[in-house]
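Since the structure comes first, as structure tokens, the remarks are kept for the end.
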Amino acid sequence: MDCNVERIEPKAWRVTCGQVTRIVRYRDDIKTFAPWDVTTVDGRRVWAAFNLESACRWVGSAHSEPGLQRAS
């Protein structure tokens, strides 16, 4: 699935894949192995990732949208 990635502020991107839009932010103020937070547009944290690429890939996956599952 093609995703649109738009930088909206320093260290923050809006990622839209199909009908799903998530905000990805880099947190450099804490020590963690997954400093990239993926949140809903209203700010609810739904995922953390190792890097921006993996965060965008997750947004484009079936796991990003509640109730949506991949066909087996």
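Residues in the structure tokens are numbered from 1 in each chain, the chains being A, B, ... in the order shown, and ligands are numbered from 1 in the order shown.
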Quick one: residues within 7 Å of Val24 of chain A, only C-alpha atoms, excluding same-chain residues fewer than 6 positions away - as number ranges by chain?
A: 12-14, 36-39
Can you tell me which residues surround Pro35 of chain A at a distance of at most 9 Å, considering only C-alpha atoms, apart from same-chain residues fewer than 5 positions away, and format the answer as a PyMOL selection string?
chain A and resi 25-30+48-51
As a PyMOL selection string, please: every residue in chain A that DSSP puts in helix (DSSP H, G or I).
chain A and resi 52-59+62-64
Residue subset to file, keeping all heavy atoms, as a short mmCIF file (atom, residue, chain, number, x, y, z; two decimals), in the first residue's frame:
```
data_model
loop_
_atom_site.label_atom_id
_atom_site.label_comp_id
_atom_site.auth_asym_id
_atom_site.auth_seq_id
_atom_site.Cartn_x
_atom_site.Cartn_y
_atom_site.Cartn_z
N LEU A 52 11.85 5.59 11.71
CA LEU A 52 10.73 6.16 10.96
C LEU A 52 10.22 5.20 9.91
O LEU A 52 9.01 5.05 9.72
CB LEU A 52 11.14 7.49 10.33
CG LEU A 52 10.09 8.22 9.50
CD1 LEU A 52 8.86 8.54 10.35
CD2 LEU A 52 10.67 9.48 8.89
N GLU A 53 11.10 4.51 9.23
CA GLU A 53 10.68 3.57 8.18
C GLU A 53 9.80 2.46 8.74
O GLU A 53 8.75 2.14 8.17
CB GLU A 53 11.91 2.95 7.51
CG GLU A 53 11.55 1.98 6.41
CD GLU A 53 12.77 1.34 5.78
OE1 GLU A 53 13.90 1.78 6.03
OE2 GLU A 53 12.57 0.37 5.04
N SER A 54 10.18 1.89 9.88
CA SER A 54 9.36 0.82 10.44
C SER A 54 8.03 1.36 10.97
O SER A 54 7.01 0.69 10.90
CB SER A 54 10.11 0.05 11.52
OG SER A 54 10.38 0.86 12.63
N ALA A 55 8.02 2.59 11.47
CA ALA A 55 6.76 3.20 11.91
C ALA A 55 5.82 3.39 10.73
O ALA A 55 4.63 3.06 10.82
CB ALA A 55 7.03 4.55 12.58
N CYS A 56 6.33 3.87 9.60
CA CYS A 56 5.50 4.06 8.41
C CYS A 56 5.01 2.72 7.88
O CYS A 56 3.86 2.59 7.45
CB CYS A 56 6.27 4.80 7.32
SG CYS A 56 6.64 6.51 7.76
N ARG A 57 5.87 1.72 7.91
CA ARG A 57 5.48 0.38 7.45
C ARG A 57 4.36 -0.17 8.33
O ARG A 57 3.41 -0.78 7.85
CB ARG A 57 6.70 -0.53 7.47
CG ARG A 57 6.57 -1.75 6.64
CD ARG A 57 7.87 -2.52 6.45
NE ARG A 57 8.69 -2.64 7.65
CZ ARG A 57 9.89 -2.07 7.80
NH1 ARG A 57 10.44 -1.37 6.82
NH2 ARG A 57 10.57 -2.23 8.91
N TRP A 58 4.42 0.07 9.63
CA TRP A 58 3.37 -0.40 10.53
C TRP A 58 2.04 0.30 10.25
O TRP A 58 1.00 -0.34 10.24
CB TRP A 58 3.78 -0.17 11.99
CG TRP A 58 2.77 -0.75 12.94
CD1 TRP A 58 2.68 -2.05 13.35
CD2 TRP A 58 1.69 -0.06 13.56
NE1 TRP A 58 1.61 -2.20 14.18
CE2 TRP A 58 0.98 -1.00 14.32
CE3 TRP A 58 1.25 1.26 13.53
CZ2 TRP A 58 -0.14 -0.66 15.07
CZ3 TRP A 58 0.13 1.60 14.27
CH2 TRP A 58 -0.55 0.65 15.03
N VAL A 59 2.09 1.60 9.98
CA VAL A 59 0.86 2.34 9.67
C VAL A 59 0.20 1.74 8.43
O VAL A 59 -1.02 1.62 8.36
CB VAL A 59 1.13 3.85 9.46
CG1 VAL A 59 -0.11 4.57 8.97
CG2 VAL A 59 1.63 4.48 10.77
N ALA A 62 -2.08 -4.04 8.24
CA ALA A 62 -3.44 -4.28 8.74
C ALA A 62 -3.53 -4.10 10.25
O ALA A 62 -4.61 -3.87 10.78
CB ALA A 62 -3.88 -5.69 8.36
N HIS A 63 -2.42 -4.16 10.96
CA HIS A 63 -2.43 -4.03 12.42
C HIS A 63 -2.70 -2.61 12.89
O HIS A 63 -3.06 -2.41 14.04
CB HIS A 63 -1.10 -4.51 12.99
CG HIS A 63 -0.76 -5.89 12.58
ND1 HIS A 63 -1.40 -7.00 13.07
CD2 HIS A 63 0.16 -6.34 11.69
CE1 HIS A 63 -0.90 -8.07 12.52
NE2 HIS A 63 0.04 -7.71 11.67
N SER A 64 -2.53 -1.64 12.02
CA SER A 64 -2.67 -0.24 12.41
C SER A 64 -4.12 0.18 12.64
O SER A 64 -4.39 1.09 13.39
CB SER A 64 -2.05 0.66 11.35
OG SER A 64 -2.18 2.01 11.72
#
```
Contact residues around Gly60 of chain A with only C-alpha atoms at 10 Å, ignoring same-chain residues under 4 positions, as a PyMOL selection string:
chain A and resi 1-4+15-22+54-56+64-65
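Picture a line from atom CA of Val46 of chain A to atom CA of Thr32 of chain A; it runs 16.2 Å.
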